[in-house]
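Participant: Sharing work-v3.cif here; it has mmCIF, C-alpha atoms and all ligand atoms.
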data_upload
loop_
_atom_site.group_PDB
_atom_site.id
_atom_site.type_symbol
_atom_site.label_atom_id
_atom_site.label_comp_id
_atom_site.auth_asym_id
_atom_site.auth_seq_id
_atom_site.Cartn_x
_atom_site.Cartn_y
_atom_site.Cartn_z
ATOM 1 C CA MET A 1 11.819 28.498 -8.552
ATOM 2 C CA LEU A 2 14.400 25.751 -8.368
ATOM 3 C CA ASN A 3 15.453 27.283 -5.056
ATOM 4 C CA GLU A 4 11.952 26.809 -3.661
ATOM 5 C CA VAL A 5 11.949 23.186 -4.768
ATOM 6 C CA SER A 6 15.348 22.577 -3.268
ATOM 7 C CA LYS A 7 14.139 23.904 0.124
ATOM 8 C CA ILE A 8 11.432 21.279 0.511
ATOM 9 C CA ARG A 9 12.742 18.505 2.705
ATOM 10 C CA ARG A 10 11.245 16.178 5.304
ATOM 11 C CA GLY A 11 13.541 15.858 8.291
ATOM 12 C CA GLY A 12 16.383 17.060 6.059
ATOM 13 C CA LYS A 13 15.622 14.401 3.471
ATOM 14 C CA ARG A 14 14.568 14.835 -0.129
ATOM 15 C CA VAL A 15 11.268 13.025 -0.680
ATOM 16 C CA ALA A 16 10.031 11.978 -4.112
ATOM 17 C CA VAL A 17 6.632 10.574 -5.016
ATOM 18 C CA TYR A 18 6.072 8.043 -7.796
ATOM 19 C CA PRO A 19 2.313 8.197 -8.462
ATOM 20 C CA GLY A 20 0.288 5.907 -10.664
ATOM 21 C CA SER A 21 -2.518 3.414 -11.080
ATOM 22 C CA PHE A 22 -0.188 0.388 -10.836
ATOM 23 C CA ASP A 23 -3.040 -1.820 -12.050
ATOM 24 C CA PRO A 24 -1.011 -4.000 -11.736
ATOM 25 C CA ALA A 25 2.628 -3.072 -11.111
ATOM 26 C CA THR A 26 4.915 -4.481 -13.802
ATOM 27 C CA TYR A 27 8.652 -5.111 -13.911
ATOM 28 C CA GLY A 28 8.841 -1.749 -15.703
ATOM 29 C CA HIS A 29 7.401 0.040 -12.646
ATOM 30 C CA LEU A 30 9.751 -1.880 -10.339
ATOM 31 C CA ASP A 31 12.694 -0.838 -12.486
ATOM 32 C CA ILE A 32 11.702 2.845 -12.142
ATOM 33 C CA ILE A 33 11.276 2.380 -8.374
ATOM 34 C CA HIS A 34 14.753 0.866 -8.100
ATOM 35 C CA ARG A 35 16.345 3.667 -10.124
ATOM 36 C CA SER A 36 14.510 6.387 -8.124
ATOM 37 C CA SER A 37 15.448 4.840 -4.792
ATOM 38 C CA LYS A 38 19.096 5.434 -5.656
ATOM 39 C CA ILE A 39 18.525 9.115 -6.443
ATOM 40 C CA PHE A 40 16.235 10.258 -3.596
ATOM 41 C CA ASP A 41 16.460 9.844 0.172
ATOM 42 C CA ASN A 42 12.888 8.597 0.395
ATOM 43 C CA LEU A 43 10.508 7.465 -2.297
ATOM 44 C CA ILE A 44 6.776 7.152 -1.764
ATOM 45 C CA VAL A 45 5.029 4.988 -4.336
ATOM 46 C CA ALA A 46 1.562 6.562 -4.405
ATOM 47 C CA VAL A 47 -1.227 4.308 -5.645
ATOM 48 C CA ILE A 48 -4.259 6.231 -6.791
ATOM 49 C CA ASP A 49 -7.422 5.216 -4.984
ATOM 50 C CA ASN A 50 -10.038 6.332 -7.450
ATOM 51 C CA PRO A 51 -12.982 3.997 -7.998
ATOM 52 C CA ASN A 52 -14.069 6.111 -11.001
ATOM 53 C CA LYS A 53 -11.024 4.771 -12.832
ATOM 54 C CA LYS A 54 -12.525 1.278 -12.355
ATOM 55 C CA PRO A 55 -9.247 -0.492 -11.708
ATOM 56 C CA PHE A 56 -9.015 -4.253 -12.230
ATOM 57 C CA PHE A 57 -7.251 -4.747 -8.901
ATOM 58 C CA THR A 58 -8.504 -3.197 -5.665
ATOM 59 C CA THR A 59 -6.376 -0.533 -4.029
ATOM 60 C CA SER A 60 -5.260 -2.942 -1.309
ATOM 61 C CA GLN A 61 -4.328 -5.586 -3.888
ATOM 62 C CA ARG A 62 -2.290 -3.050 -5.861
ATOM 63 C CA ILE A 63 -0.529 -1.957 -2.669
ATOM 64 C CA LYS A 64 0.191 -5.551 -1.654
ATOM 65 C CA ILE A 65 1.637 -6.411 -5.075
ATOM 66 C CA LEU A 66 4.017 -3.471 -4.753
ATOM 67 C CA LYS A 67 4.934 -4.053 -1.106
ATOM 68 C CA ASP A 68 5.703 -7.723 -1.747
ATOM 69 C CA ALA A 69 7.916 -6.872 -4.709
ATOM 70 C CA ILE A 70 9.804 -3.825 -3.418
ATOM 71 C CA LYS A 71 13.093 -4.632 -1.707
ATOM 72 C CA GLU A 72 14.535 -1.128 -1.339
ATOM 73 C CA LYS A 73 14.577 0.080 2.276
ATOM 74 C CA ASN A 74 13.905 3.768 1.502
ATOM 75 C CA VAL A 75 10.694 3.091 -0.424
ATOM 76 C CA THR A 76 7.186 3.095 1.060
ATOM 77 C CA VAL A 77 3.849 2.420 -0.600
ATOM 78 C CA GLU A 78 0.709 4.425 0.153
ATOM 79 C CA SER A 79 -2.596 5.165 -1.484
ATOM 80 C CA PHE A 80 -3.896 8.635 -2.228
ATOM 81 C CA ASN A 81 -7.027 10.224 -3.540
ATOM 82 C CA GLY A 82 -7.815 13.714 -4.722
ATOM 83 C CA LEU A 83 -5.185 15.924 -6.281
ATOM 84 C CA LEU A 84 -1.638 14.641 -6.438
ATOM 85 C CA VAL A 85 -0.311 18.107 -5.557
ATOM 86 C CA ASN A 86 -2.250 18.029 -2.271
ATOM 87 C CA PHE A 87 -0.687 14.675 -1.446
ATOM 88 C CA MET A 88 2.738 16.167 -2.271
ATOM 89 C CA LYS A 89 2.114 19.052 0.128
ATOM 90 C CA LYS A 90 0.965 16.691 2.877
ATOM 91 C CA LYS A 91 4.122 14.618 2.473
ATOM 92 C CA ASN A 92 6.519 17.562 2.120
ATOM 93 C CA ALA A 93 7.590 16.060 -1.173
ATOM 94 C CA SER A 94 9.082 18.162 -3.939
ATOM 95 C CA ILE A 95 9.652 15.695 -6.764
ATOM 96 C CA ILE A 96 7.206 13.699 -8.864
ATOM 97 C CA VAL A 97 8.780 10.714 -10.595
ATOM 98 C CA ARG A 98 7.229 9.371 -13.783
ATOM 99 C CA GLY A 99 8.451 6.708 -16.157
ATOM 100 C CA LEU A 100 8.785 7.512 -19.856
ATOM 101 C CA ARG A 101 8.819 4.488 -22.114
ATOM 102 C CA ALA A 102 8.292 5.897 -25.575
ATOM 103 C CA VAL A 103 7.427 9.085 -27.416
ATOM 104 C CA SER A 104 3.771 8.071 -27.175
ATOM 105 C CA ASP A 105 3.901 8.675 -23.403
ATOM 106 C CA PHE A 106 5.256 12.156 -23.833
ATOM 107 C CA GLU A 107 2.186 14.269 -24.600
ATOM 108 C CA TYR A 108 0.182 13.044 -21.601
ATOM 109 C CA GLU A 109 3.183 13.295 -19.285
ATOM 110 C CA PHE A 110 4.121 16.771 -20.483
ATOM 111 C CA GLN A 111 0.555 17.997 -19.926
ATOM 112 C CA MET A 112 0.424 16.509 -16.422
ATOM 113 C CA ALA A 113 3.828 17.865 -15.420
ATOM 114 C CA LEU A 114 2.959 21.401 -16.496
ATOM 115 C CA THR A 115 -0.521 21.296 -14.957
ATOM 116 C CA ASN A 116 0.796 20.003 -11.648
ATOM 117 C CA ARG A 117 3.446 22.727 -11.585
ATOM 118 C CA LYS A 118 0.847 25.372 -12.377
ATOM 119 C CA MET A 119 -1.168 24.194 -9.364
ATOM 120 C CA TYR A 120 1.864 23.928 -7.074
ATOM 121 C CA ASN A 121 4.965 25.759 -8.096
ATOM 122 C CA ASN A 122 7.229 24.105 -5.545
ATOM 123 C CA ILE A 123 7.470 20.797 -7.331
ATOM 124 C CA GLU A 124 9.290 19.379 -10.309
ATOM 125 C CA THR A 125 8.478 16.288 -12.339
ATOM 126 C CA ILE A 126 11.415 14.084 -13.211
ATOM 127 C CA PHE A 127 11.189 11.456 -15.941
ATOM 128 C CA LEU A 128 13.139 8.237 -15.796
ATOM 129 C CA THR A 129 13.399 5.602 -18.480
ATOM 130 C CA PRO A 130 13.303 1.932 -17.589
ATOM 131 C CA ALA A 131 15.790 -0.602 -18.947
ATOM 132 C CA GLU A 132 15.205 -1.182 -22.674
ATOM 133 C CA LYS A 133 13.816 -4.649 -22.007
ATOM 134 C CA TRP A 134 10.874 -3.122 -20.122
ATOM 135 C CA THR A 135 10.057 -0.231 -22.452
ATOM 136 C CA TYR A 136 7.236 -2.063 -24.201
ATOM 137 C CA ILE A 137 5.397 -3.434 -21.140
ATOM 138 C CA SER A 138 2.125 -1.905 -20.027
ATOM 139 C CA SER A 139 -0.349 -2.875 -17.298
ATOM 140 C CA THR A 140 -3.135 -2.768 -19.904
ATOM 141 C CA LEU A 141 -1.438 -5.326 -22.150
ATOM 142 C CA VAL A 142 -0.648 -7.557 -19.170
ATOM 143 C CA LYS A 143 -4.340 -7.644 -18.213
ATOM 144 C CA GLU A 144 -5.361 -8.415 -21.782
ATOM 145 C CA ILE A 145 -2.818 -11.238 -22.089
ATOM 146 C CA ALA A 146 -3.964 -12.714 -18.764
ATOM 147 C CA LYS A 147 -7.637 -12.476 -19.766
ATOM 148 C CA LEU A 148 -6.914 -14.336 -22.981
ATOM 149 C CA GLY A 149 -5.024 -17.064 -21.144
ATOM 150 C CA GLY A 150 -1.477 -15.978 -22.063
ATOM 151 C CA GLU A 151 1.644 -16.200 -19.934
ATOM 152 C CA ILE A 152 2.354 -13.051 -17.896
ATOM 153 C CA LYS A 153 5.138 -14.305 -15.609
ATOM 154 C CA CYS A 154 7.823 -12.496 -17.582
ATOM 155 C CA PHE A 155 6.116 -9.100 -17.194
ATOM 156 C CA VAL A 156 4.865 -8.929 -13.602
ATOM 157 C CA PRO A 157 5.841 -10.023 -10.086
ATOM 158 C CA GLY A 158 4.719 -13.533 -9.102
ATOM 159 C CA ASN A 159 1.810 -12.586 -6.869
ATOM 160 C CA VAL A 160 -0.040 -10.825 -9.708
ATOM 161 C CA GLU A 161 -0.747 -14.123 -11.414
ATOM 162 C CA LYS A 162 -2.080 -15.567 -8.163
ATOM 163 C CA LEU A 163 -4.366 -12.560 -7.640
ATOM 164 C CA LEU A 164 -5.609 -12.717 -11.221
ATOM 165 C CA LYS A 165 -6.735 -16.287 -10.640
ATOM 166 C CA LYS A 166 -8.456 -15.449 -7.340
ATOM 167 C CA PRO A 167 -12.256 -15.237 -7.598
ATOM 168 C CA ARG A 168 -13.346 -11.602 -7.717
ATOM 169 C CA SER A 169 -15.813 -10.213 -5.155
HETATM 170 O O1 LIG A 201 -0.525 5.270 -13.945
HETATM 171 P P1 LIG A 201 -1.330 6.419 -14.446
HETATM 172 O O2 LIG A 201 -2.791 6.017 -14.596
HETATM 173 O O3 LIG A 201 -0.773 7.042 -15.695
HETATM 174 O O4 LIG A 201 -1.267 7.549 -13.298
HETATM 175 C C1 LIG A 201 -1.962 8.761 -13.444
HETATM 176 C C2 LIG A 201 -1.961 9.560 -12.131
HETATM 177 C C3 LIG A 201 -2.530 8.732 -10.995
HETATM 178 C C4 LIG A 201 -0.540 9.946 -11.794
HETATM 179 C C5 LIG A 201 -2.805 10.844 -12.383
HETATM 180 O O5 LIG A 201 -4.050 10.481 -12.880
HETATM 181 C C6 LIG A 201 -2.993 11.672 -11.115
HETATM 182 O O6 LIG A 201 -2.060 12.285 -10.641
HETATM 183 N N1 LIG A 201 -4.226 11.666 -10.548
HETATM 184 C C7 LIG A 201 -4.552 12.374 -9.334
HETATM 185 C C8 LIG A 201 -5.542 13.506 -9.606
HETATM 186 C C9 LIG A 201 -4.812 14.725 -10.110
HETATM 187 O O7 LIG A 201 -3.977 15.292 -9.430
HETATM 188 N N2 LIG A 201 -5.126 15.117 -11.348
HETATM 189 C C10 LIG A 201 -4.497 16.229 -12.022
HETATM 190 C C11 LIG A 201 -3.261 15.751 -12.768
HETATM 191 S S1 LIG A 201 -2.514 17.043 -13.679
#
Would it be possible to restate this file's structure as structure tokens?
Ligand code: PNS
Facilitator:
Amino acid sequence: MLNEVSKIRRGGKRVAVYPGSFDPATYGHLDIIHRSSKIFDNLIVAVIDNPNKKPFFTTSQRIKILKDAIKEKNVTVESFNGLLVNFMKKKNASIIVRGLRAVSDFEYEFQMALTNRKMYNNIETIFLTPAEKWTYISSTLVKEIAKLGGEIKCFVPGNVEKLLKKPRS
């Protein structure tokens, strides 16, 4: 099977996809993006566009936060809906990147990795760990801190704070 995965290339390049809600992106996500960009030829950060998940930030806000913060030249940001494996096929991507912060992430990630591979055998999920200083951050906690008037600057890129203060439509 590894042979099949290794055959999937786009224009000779190995493409990886880093999917997620990114609601909002944190310094932990950006750390994973930076690490992945050094491993793969191209990295697509894939922001899920699923209104049923009731995200705090709109899809375009989540994309903008990421685009403004990402400096790496081989990284693009896109939204997707539907099954991740279908997006992978469309993009000729063979690798799913996910961040693993703690053991508590493992069960959910393990289940997703195996389910995705069952649906599409030509992919592998690769787990990266962020720098220790980011292992405790989560988008959920950031939103809670912001809601309760706490300081979030040390967890998220600058524009998140601005967007949090913007009146919501
Ligand atoms: O940041 P998150 O919320 O942990 O990301 C979860 C995400 C978006 C990667 C996952 O929900 C997903 O891939 N959704 C797309 C629909 C899909 O393919 N579901 C089956 C997953 S096994």
Participant: List every protein, DNA or RNA residue that has an atom no more than 7 Å from (6.8, -7.9, -7.0) in the file's coordinate frame, counting all atoms listed in the file, and report them as a compact mmCIF listing (two decimals) with C-alpha atoms, in the frame of the given file.
Facilitator:
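For reference, point-v3.txt as written:
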# COMPACT_ATOMS: atom_id res chain seq x y z
CA ILE A 65 1.64 -6.41 -5.08
CA LEU A 66 4.02 -3.47 -4.75
CA ASP A 68 5.70 -7.72 -1.75
CA ALA A 69 7.92 -6.87 -4.71
CA ILE A 70 9.80 -3.82 -3.42
CA VAL A 156 4.86 -8.93 -13.60
CA PRO A 157 5.84 -10.02 -10.09
CA GLY A 158 4.72 -13.53 -9.10
CA ASN A 159 1.81 -12.59 -6.87
Participant: One number please: atom CA of A:Gly82 to atom CA of A:Asn122, in Å, one decimal.
Facilitator: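 Computing it gives 18.3 Å between the two atoms.
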Participant: So how far away is atom CA of A:Leu128 from atom CA of A:Asp31, in Å?
Facilitator: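 One can read the atom CA of A:Asp31 to atom CA of A:Leu128 distance as 9.7 Å.
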Participant: Would you tabulate, counting all atoms listed in the file, all residues of chain A that have an atom at most 10 Å from an atom of ligand LIG 201 (chain A), showing the closest pair of atoms and their distance in Å to one decimal, sorted by chain then ascending number, as JSON lines?
Facilitator:
{"residue": "A:Val17", "atom": "CA", "partner": "A:LIG201", "partner_atom": "C4", "distance": 9.9}
{"residue": "A:Tyr18", "atom": "CA", "partner": "A:LIG201", "partner_atom": "C4", "distance": 8.0}
{"residue": "A:Pro19", "atom": "CA", "partner": "A:LIG201", "partner_atom": "C4", "distance": 4.7}
{"residue": "A:Gly20", "atom": "CA", "partner": "A:LIG201", "partner_atom": "O1", "distance": 3.4}
{"residue": "A:Ser21", "atom": "CA", "partner": "A:LIG201", "partner_atom": "O1", "distance": 4.0}
{"residue": "A:Phe22", "atom": "CA", "partner": "A:LIG201", "partner_atom": "O1", "distance": 5.8}
{"residue": "A:Asp23", "atom": "CA", "partner": "A:LIG201", "partner_atom": "O1", "distance": 7.8}
{"residue": "A:Pro24", "atom": "CA", "partner": "A:LIG201", "partner_atom": "O1", "distance": 9.5}
{"residue": "A:Ala25", "atom": "CA", "partner": "A:LIG201", "partner_atom": "O1", "distance": 9.4}
{"residue": "A:His29", "atom": "CA", "partner": "A:LIG201", "partner_atom": "O1", "distance": 9.6}
{"residue": "A:Ala46", "atom": "CA", "partner": "A:LIG201", "partner_atom": "C3", "distance": 8.1}
{"residue": "A:Val47", "atom": "CA", "partner": "A:LIG201", "partner_atom": "C3", "distance": 7.1}
{"residue": "A:Ile48", "atom": "CA", "partner": "A:LIG201", "partner_atom": "C3", "distance": 5.2}
{"residue": "A:Asp49", "atom": "CA", "partner": "A:LIG201", "partner_atom": "C3", "distance": 8.5}
{"residue": "A:Asn50", "atom": "CA", "partner": "A:LIG201", "partner_atom": "C7", "distance": 8.4}
{"residue": "A:Lys53", "atom": "CA", "partner": "A:LIG201", "partner_atom": "O2", "distance": 8.5}
{"residue": "A:Pro55", "atom": "CA", "partner": "A:LIG201", "partner_atom": "O2", "distance": 9.6}
{"residue": "A:Phe80", "atom": "CA", "partner": "A:LIG201", "partner_atom": "C7", "distance": 8.1}
{"residue": "A:Asn81", "atom": "CA", "partner": "A:LIG201", "partner_atom": "C7", "distance": 6.7}
{"residue": "A:Gly82", "atom": "CA", "partner": "A:LIG201", "partner_atom": "C8", "distance": 5.4}
{"residue": "A:Leu83", "atom": "CA", "partner": "A:LIG201", "partner_atom": "O7", "distance": 3.4}
{"residue": "A:Leu84", "atom": "CA", "partner": "A:LIG201", "partner_atom": "O7", "distance": 3.9}
{"residue": "A:Val85", "atom": "CA", "partner": "A:LIG201", "partner_atom": "O7", "distance": 6.0}
{"residue": "A:Asn86", "atom": "CA", "partner": "A:LIG201", "partner_atom": "O7", "distance": 7.9}
{"residue": "A:Phe87", "atom": "CA", "partner": "A:LIG201", "partner_atom": "O7", "distance": 8.7}
{"residue": "A:Met88", "atom": "CA", "partner": "A:LIG201", "partner_atom": "O7", "distance": 9.9}
{"residue": "A:Ile96", "atom": "CA", "partner": "A:LIG201", "partner_atom": "C4", "distance": 9.1}
{"residue": "A:Val97", "atom": "CA", "partner": "A:LIG201", "partner_atom": "C4", "distance": 9.4}
{"residue": "A:Arg98", "atom": "CA", "partner": "A:LIG201", "partner_atom": "C4", "distance": 8.0}
{"residue": "A:Gly99", "atom": "CA", "partner": "A:LIG201", "partner_atom": "O3", "distance": 9.2}
{"residue": "A:Asp105", "atom": "CA", "partner": "A:LIG201", "partner_atom": "O3", "distance": 9.2}
{"residue": "A:Tyr108", "atom": "CA", "partner": "A:LIG201", "partner_atom": "O3", "distance": 8.5}
{"residue": "A:Glu109", "atom": "CA", "partner": "A:LIG201", "partner_atom": "O3", "distance": 8.2}
{"residue": "A:Phe110", "atom": "CA", "partner": "A:LIG201", "partner_atom": "S1", "distance": 9.5}
{"residue": "A:Gln111", "atom": "CA", "partner": "A:LIG201", "partner_atom": "S1", "distance": 7.0}
{"residue": "A:Met112", "atom": "CA", "partner": "A:LIG201", "partner_atom": "S1", "distance": 4.1}
{"residue": "A:Ala113", "atom": "CA", "partner": "A:LIG201", "partner_atom": "S1", "distance": 6.6}
{"residue": "A:Leu114", "atom": "CA", "partner": "A:LIG201", "partner_atom": "S1", "distance": 7.5}
{"residue": "A:Thr115", "atom": "CA", "partner": "A:LIG201", "partner_atom": "S1", "distance": 4.9}
{"residue": "A:Asn116", "atom": "CA", "partner": "A:LIG201", "partner_atom": "S1", "distance": 4.9}
{"residue": "A:Arg117", "atom": "CA", "partner": "A:LIG201", "partner_atom": "S1", "distance": 8.5}
{"residue": "A:Lys118", "atom": "CA", "partner": "A:LIG201", "partner_atom": "S1", "distance": 9.1}
{"residue": "A:Met119", "atom": "CA", "partner": "A:LIG201", "partner_atom": "S1", "distance": 8.5}
{"residue": "A:Ser138", "atom": "CA", "partner": "A:LIG201", "partner_atom": "O1", "distance": 9.8}
{"residue": "A:Ser139", "atom": "CA", "partner": "A:LIG201", "partner_atom": "O1", "distance": 8.8}
Participant: Which value, in Å to one decimal, gives the distance between atom CA of A:Asn74 and atom CA of A:Arg35?
Facilitator: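 Computing it gives 11.9 Å between the two atoms.
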Participant: Using all atoms listed in the file, which residues sit within 10 Å of A:Leu100 once same-chain residues fewer than 6 positions away are excluded, as a list in words?
Facilitator: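 Result of the neighbour search: Ile32, Phe106, Glu109, Ile126, Phe127, Leu128, Thr129, Pro130 and Thr135 of chain A.
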Participant: Skipping near chain neighbours, those fewer than 6 positions away, what residues fall within 8 Å of A:Arg10 using only C-alpha atoms, listed as a ChimeraX atom specification?
Facilitator: /A:91-93
Participant: Using all atoms listed in the file for the distances, tell me which of A:Arg62, A:Lys67, A:His34, A:Arg9 is nearest to A:Ala131.
Facilitator: A:His34
Participant: Which residue gives the smallest distance to A:Glu132 among A:Phe57, A:Phe40, A:Tyr120, A:Tyr27, with all atoms listed in the file counted?
Facilitator: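 The closest residue to A:Glu132 is A:Tyr27.
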Participant: Given the file shown, determine the residues that the PyMOL selection byres (((chain A and resi 95) around 6) and not hetatm) selects; report them as a ChimeraX atom specification.
Facilitator: /A:16,93-94,96,123-125
Participant: If we count all atoms listed in the file, what is near A:Leu164 at a cut-off of 10 Å, once residues fewer than 3 positions away on the same chain are taken out, given as a VMD selection string?
Facilitator: chain A and resid 24 56 to 57 143 146 to 147 159 to 161 167 to 168
Participant: Using the file's own x, y and z axes, what box holds all listed atoms of stretch 154-157 of chain A with 3 Å on each side, keeping edges along x, y and z, and what are its centre and edge lengths in Å to one decimal, as lines of an AutoDock Vina configuration file?
Facilitator:
center_x = 6.3
center_y = -10.7
center_z = -13.8
size_x = 9.0
size_y = 9.6
size_z = 13.5
Participant: For A:Val77, which residue out of A:Leu43, A:Leu163, A:Val103, A:Val142 is the nearest one, using all atoms listed in the file?
Facilitator: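 Distance minimum relative to A:Val77 lands on A:Leu43.
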Participant: Which neighbours of A:Ile137 fall inside 8 Å, counting only C-alpha atoms, when residues of the same chain fewer than 6 positions from it are skipped, and could you give them as number ranges by chain?
Facilitator: A: 26, 28, 155
Participant: For A:Ile44, which of A:Ala102, A:Val15, A:Glu72, A:Tyr136 is the closest residue, counting all atoms listed in the file?
Facilitator: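 Between A:Ala102, A:Val15, A:Glu72, A:Tyr136, the residue approaching A:Ile44 most closely is A:Val15.
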Participant: Missing atoms in stretch 151-159 of chain A: fill them in up to all heavy atoms and send the result as a compact mmCIF listing (two decimals), in the coordinates of the input.
Facilitator:
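Written file, result.txt:
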# COMPACT_ATOMS: atom_id res chain seq x y z
N GLU A 151 0.65 -16.14 -21.02
CA GLU A 151 1.64 -16.20 -19.93
C GLU A 151 2.08 -14.79 -19.56
O GLU A 151 2.53 -14.02 -20.43
CB GLU A 151 2.83 -17.02 -20.47
CG GLU A 151 3.91 -17.31 -19.47
CD GLU A 151 3.38 -18.03 -18.25
OE1 GLU A 151 3.05 -19.22 -18.37
OE2 GLU A 151 3.29 -17.36 -17.21
N ILE A 152 1.98 -14.42 -18.29
CA ILE A 152 2.35 -13.05 -17.90
C ILE A 152 3.56 -13.00 -16.95
O ILE A 152 4.00 -11.92 -16.58
CB ILE A 152 1.16 -12.30 -17.25
CG1 ILE A 152 0.62 -13.08 -16.06
CG2 ILE A 152 0.07 -12.01 -18.28
CD1 ILE A 152 -0.28 -12.24 -15.16
N LYS A 153 4.03 -14.20 -16.60
CA LYS A 153 5.14 -14.30 -15.61
C LYS A 153 6.33 -13.40 -15.93
O LYS A 153 6.99 -12.90 -15.03
CB LYS A 153 5.65 -15.75 -15.57
CG LYS A 153 5.03 -16.58 -14.49
CD LYS A 153 5.91 -17.82 -14.23
CE LYS A 153 5.13 -18.86 -13.47
NZ LYS A 153 4.34 -19.74 -14.34
N CYS A 154 6.62 -13.25 -17.22
CA CYS A 154 7.82 -12.50 -17.58
C CYS A 154 7.61 -10.98 -17.51
O CYS A 154 8.56 -10.21 -17.70
CB CYS A 154 8.28 -12.89 -18.98
SG CYS A 154 6.97 -12.82 -20.17
N PHE A 155 6.39 -10.54 -17.22
CA PHE A 155 6.12 -9.10 -17.19
C PHE A 155 5.85 -8.54 -15.80
O PHE A 155 6.01 -7.35 -15.56
CB PHE A 155 4.87 -8.76 -18.03
CG PHE A 155 4.93 -9.24 -19.45
CD1 PHE A 155 3.91 -10.03 -19.98
CD2 PHE A 155 5.98 -8.88 -20.28
CE1 PHE A 155 3.96 -10.46 -21.30
CE2 PHE A 155 6.03 -9.31 -21.59
CZ PHE A 155 5.03 -10.11 -22.10
N VAL A 156 5.35 -9.42 -14.91
CA VAL A 156 4.86 -8.93 -13.60
C VAL A 156 5.38 -9.79 -12.46
O VAL A 156 5.68 -10.97 -12.67
CB VAL A 156 3.31 -8.92 -13.56
CG1 VAL A 156 2.73 -7.86 -14.44
CG2 VAL A 156 2.75 -10.28 -13.93
N PRO A 157 5.43 -9.22 -11.23
CA PRO A 157 5.84 -10.02 -10.09
C PRO A 157 4.89 -11.21 -9.87
O PRO A 157 3.71 -11.13 -10.23
CB PRO A 157 5.77 -9.05 -8.91
CG PRO A 157 5.44 -7.71 -9.45
CD PRO A 157 5.14 -7.83 -10.89
N GLY A 158 5.42 -12.26 -9.26
CA GLY A 158 4.72 -13.53 -9.10
C GLY A 158 3.31 -13.46 -8.53
O GLY A 158 2.41 -14.17 -8.99
N ASN A 159 3.12 -12.59 -7.53
CA ASN A 159 1.81 -12.59 -6.87
C ASN A 159 0.68 -12.04 -7.75
O ASN A 159 -0.49 -12.23 -7.45
CB ASN A 159 1.88 -11.84 -5.54
CG ASN A 159 2.43 -10.44 -5.69
OD1 ASN A 159 2.76 -10.02 -6.80
ND2 ASN A 159 2.53 -9.73 -4.59
